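The structure under discussion appears below in the form of structure tokens.
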Amino acid sequence: MTDVTAARARPAIPLSVKLAMGFVALFVLFALFGHALTPHGFRDTSLFDRLKPPGTEGYPLGTDARGRDLLARLVTGAQITLVVAIVGTLIGAILGSLLGILAAARRGKTEAVIVAAIDVQASLPIIIVALFMLAMFDNSFTLFLLLVGLNGWEVYARLMRGATLQAKESGYVTAIRALGASPARIYLRHVLPNILNIALVQFTVNLPLTILLETALSFLGLGVQPPLTSLGQIMSEGRDRLMTAWWLTLLPGAIIFCLALSVSMIGDWLRDRLDPTLRSER
Amino acid sequence: MAENLSGAPAPLLSIRGLTVGLPADGDRPEAVSEVSFDIAPGETVCLVGESGSGKSVIGQAILGMLPHALPVLSGEVHLDDAPLPPQRDPAYGAIRSAQVAMIFQDAAASLNPVRTIGAQLAEVLEVHGVPKRDRKARVLDVLRAVALPEPERIAKSYPHQLSGGQAQRAVIAGALLLEPKLLIADEPTTALDVTTQAEILALIARLKAEHGLSVLFVTHDFGVVAEIADRVVVMEKGVQVETGRAAAVLHAPQHPYTKKLIAAVTPAPRERETGGTDTILEATDIDLTYRGGLFGGRKALHAVKGASLRIEAGRTVAVVGESGSGKSSLARCLLRLEEIDSGSIRFKGEEISKLTGKPLQHLRKSLQVVLQDPYSALDPRQTIRAAIAEGPIIHGTPKVEAHAQAAELLELVGLPAQAGGRYPQEFSGGQRQRICIARALALKPDLLIADEAVSALDVSIQAQILDLFADMQKRFGFAILFITHDLAVARAIADDILVMRRGEIVERGPAAQVFASPAHPYTADLLAAAPGLDMFAKGDAA
């Protein structure tokens, strides 16, 4: 009875991941409390203060072509981007995971249909679907959120289907089934906790992709519509003045770049930490 | 009888005081300590011990393949009176294969899956400078020597086209290509069925006789030792506890550990007052077919064909068969984990083969299972107390009461009650199997189905778990259906034996009768193939 595995020292968090976590925390704080930094609202225009460069008195990050404070607009853009990223990614994660688990649990025709849907989605770039849907229907924020949410659901579905099939074949599920547990109990209390970390890792991998999809669609004018704004839309408005008013594209672009990179790095690190195939405890 | 001095031929291999260190966080300071033995030309020495005894380390040391983490601290190894070079020295290139060859447990894993057998064997010759024109003939010769049918075809085959036994023969062929003087075989038959194992053991014995090959055979199984060993070295936790001629060690073991290992192979048949005559489970003409994939792409597999059996209250029935015989499928049918195609299963007089929903869940209370692999049989995210209490909680026992009962059961199966808060990963295989038994017993079943429940365990642990099954049966009076491929296990635990082959039950009867006078030729083959069976016979006479 002495074979208690020694608690393995947790590996230290690498500096790059610490920096990434720091940036994400800063971004969230900026989105939540950024409006305290400037007296201007994000829609307030001042035609006397058009296209002021960063550092102008009263406008630390400058203004756009209609004299709106870029700092205030970036804060609102960050809020929208944050909401779209988290809600959108959650929609895909929950929908995909549920379908994946359902396919593995039910097998048969249900599985065949879901797997076919996965294959269709995987071979069809989401951006094409999104462009089509947004062009066809009226562009509403809800539809936009839903479309962004569909991004990558098939990855969750595929991962969770595999993990569930594997868990179903494992000895503990067989044994617990033989104890007389109902399917609900087996899936909720035994299968789900054992496969959840796979979805968690995929969530962090998908989050930057959602951010990029949102900004790309908004940049194309198909995403968030004025008067609301997002980081991608701010960039899109500034692109005609790239040579004269660089701050209008460069600042939101830099934020998007750093945010996507940071979240990706955290995701990669989490994957290394949680990947069940890398675990060697036995 | 001189072991290795005076008059006997000079030993081929001589190991003196070999001590190999372990990394600082190991469970002991040395992997092997002060090991000394000789192997004479044409002699088979069995190195016996359980997992972690250091037996494989000795084989690696002879071939100069010890990793940096396992340094040789002292001792010498001489081959043909010449000291071997230091570990990992390039000079080993001329020794490995040419003088000392090694074969491993998992033959398929030691073959390259994308090259033909012939190409892989020819490569060994190429590395050792055999001219190209001679290679093909030598490859075919050696394939013939290991009694592979149609050597031409085998040479053109890829590893996945061979059976487990053929792959192991091909690996042995590769080891013999350069006519080494010493063959180190590390558990080469552990992964094989008994009949295939018997063929491989016979092959090694024949090669030894025909080519004067010396063999160092690493194994955990004294049954194998009884078949092929001239001399035996027994290892326990890195210490050489007993050395001697095979006959002497087998019939008059000195060290308690050796006695324990031998007892595990030749367990005494059970002496017991037989259980009642109430039939607890009766299955009639069960058929099970695994259908192909959704689009019928895969072929259907007829896993159980018209099997009938009866289990009486309090008795133990063993189902014996080789892998693929359908014995586990049969167990899954009886447990209602697979839907049978036809036939009937009556449990305590009630037909259960069509039950669904609540009545089925209720039935499961009386019909429990212990699975083969104790490492996967417990939910890794559940404490063992919660795992044991799970069944009673599902069936309505209040949580507090179920947990208290779980603590009692833990003590009953030989684990401290306060260990209940720990997770399965913190326990050894044998301990986990105890936990699985406690989980099954928590529901006070009438029938316990054990599917290869001791196959994944070391032999001395096997004996303990079999004892636990017997103790618990005495205490609670349930019947056991014990699925096993191991005749020694069946003999140790069963009142009645069923023999399965290709989905059919070919023989049934009381254990003593089946072992003494098998009626079906397949049973007779199985018994003849089981290593160390002659030891059974002697045990019976005594």
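The chains in the structure tokens are called A, B, ... from first to last as shown; in each chain the residues are counted from 1, and the ligands are counted from 1 in the order shown.
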Open item on the list: Among range 114-354 of chain B, which residues does DSSP mark as strand (DSSP E or B) when it is run on the backbone? Keep the chain and numbering as in the structure and answer as an NGL selection string.
Closed with: :B and (182-186 or 214-219 or 231-236 or 239-245 or 279-290 or 301-312 or 316-320 or 342-347 or 350-351)
Open item on the list: Contacts from chain B to chain A, 7 Å maximum, only C-alpha atoms: show me the residue list as an MDAnalysis selection string.
Closed with: chainID B and resid 294 361:362 364:365 368:369 371 376:379 391 394 425:428
Would you write out those residues with C-alpha atoms, as a PDB file, in the first residue's frame?
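The file below, out39.pdb, is the result:
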ATOM      1  CA  LEU B 294     -23.890   0.527 -41.209  1.00  0.00           C
ATOM      2  CA  GLN B 361     -31.735  -2.060 -14.300  1.00  0.00           C
ATOM      3  CA  HIS B 362     -33.246  -3.895 -11.387  1.00  0.00           C
ATOM      4  CA  ARG B 364     -28.377  -5.806 -12.910  1.00  0.00           C
ATOM      5  CA  LYS B 365     -28.350  -5.610  -9.117  1.00  0.00           C
ATOM      6  CA  GLN B 368     -22.416  -8.309 -11.419  1.00  0.00           C
ATOM      7  CA  VAL B 369     -19.171  -8.290 -13.382  1.00  0.00           C
ATOM      8  CA  LEU B 371     -13.498  -7.099 -15.871  1.00  0.00           C
ATOM      9  CA  SER B 376      -9.492   0.899 -17.167  1.00  0.00           C
ATOM     10  CA  ALA B 377     -12.307  -0.584 -15.104  1.00  0.00           C
ATOM     11  CA  LEU B 378     -12.543   2.317 -12.670  1.00  0.00           C
ATOM     12  CA  ASP B 379     -13.586   5.865 -13.566  1.00  0.00           C
ATOM     13  CA  GLY B 391     -24.166   0.677  -7.299  1.00  0.00           C
ATOM     14  CA  ILE B 394     -28.164   3.862  -8.104  1.00  0.00           C
ATOM     15  CA  GLN B 425      -4.517   5.841 -10.223  1.00  0.00           C
ATOM     16  CA  GLU B 426      -2.931   5.654  -6.771  1.00  0.00           C
ATOM     17  CA  PHE B 427      -3.338   1.875  -6.550  1.00  0.00           C
ATOM     18  CA  SER B 428      -1.514  -1.083  -8.064  1.00  0.00           C
TER      19      SER B 428
END
Task: Length of the CA of Pro374 in chain B to CA of Pro29 in chain B vector [Å] - done: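 So the answer is 28.4 Å.
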Task: Selection near range 42-55 of chain A, 10 Å with only C-alpha atoms, sequence-local residues under 5 positions removed, as a PyMOL selection string - done: chain A and resi 35+60-77+226-229+241+244-248
How about saving the chosen residues, C-alpha atoms kept, as a compact mmCIF listing (two decimals), in the first residue's frame?
# COMPACT_ATOMS: atom_id res chain seq x y z
CA HIS A 35 -14.69 54.09 -21.16
CA PRO A 60 -4.76 60.33 -26.72
CA LEU A 61 -5.19 57.90 -29.66
CA GLY A 62 -6.40 60.44 -32.19
CA THR A 63 -9.72 60.70 -34.04
CA ASP A 64 -11.27 59.34 -37.23
CA ALA A 65 -12.67 61.07 -40.32
CA ARG A 66 -15.79 62.19 -38.48
CA GLY A 67 -13.90 63.40 -35.45
CA ARG A 68 -14.86 60.45 -33.23
CA ASP A 69 -12.48 59.53 -30.42
CA LEU A 70 -10.52 56.42 -31.48
CA LEU A 71 -9.94 55.36 -27.87
CA ALA A 72 -13.68 55.32 -27.14
CA ARG A 73 -14.34 53.45 -30.38
CA LEU A 74 -11.66 50.87 -29.59
CA VAL A 75 -13.20 50.22 -26.17
CA THR A 76 -16.63 49.59 -27.72
CA GLY A 77 -15.04 47.54 -30.49
CA PRO A 226 -22.91 50.93 -37.70
CA PRO A 227 -23.72 52.60 -35.41
CA LEU A 228 -22.33 49.65 -33.42
CA THR A 229 -18.72 48.94 -34.05
CA ARG A 241 -6.74 56.56 -45.23
CA THR A 244 -2.57 59.65 -44.09
CA ALA A 245 -4.22 58.38 -40.91
CA TRP A 246 -2.31 55.15 -40.14
CA TRP A 247 -3.57 54.98 -36.55
CA LEU A 248 -7.11 54.15 -37.67
Task: Residues near range 279-287 of chain B, cut-off 6 Å, only C-alpha atoms, skip fewer than 2 positions along chain, as number ranges by chain - done: B: 304-313, 340-348
Restrict the selected residues to C-alpha atoms and save them as a compact mmCIF listing (two decimals), in the first residue's frame.
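Once everything was written out, this is again_28.txt:
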# COMPACT_ATOMS: atom_id res chain seq x y z
CA VAL B 304 -21.60 -17.33 -30.02
CA LYS B 305 -23.27 -20.35 -31.63
CA GLY B 306 -26.04 -22.12 -29.80
CA ALA B 307 -24.43 -22.00 -26.38
CA SER B 308 -26.32 -23.51 -23.46
CA LEU B 309 -25.23 -23.56 -19.86
CA ARG B 310 -26.55 -23.80 -16.34
CA ILE B 311 -25.12 -22.29 -13.20
CA GLU B 312 -26.20 -23.47 -9.78
CA ALA B 313 -26.33 -21.24 -6.73
CA ILE B 340 -28.71 -12.03 -28.32
CA ASP B 341 -30.14 -13.03 -31.71
CA SER B 342 -31.97 -16.07 -30.42
CA GLY B 343 -32.16 -18.37 -27.44
CA SER B 344 -33.27 -17.76 -23.91
CA ILE B 345 -31.64 -16.70 -20.67
CA ARG B 346 -33.50 -17.48 -17.48
CA PHE B 347 -32.26 -15.93 -14.27
CA LYS B 348 -33.83 -17.35 -11.10
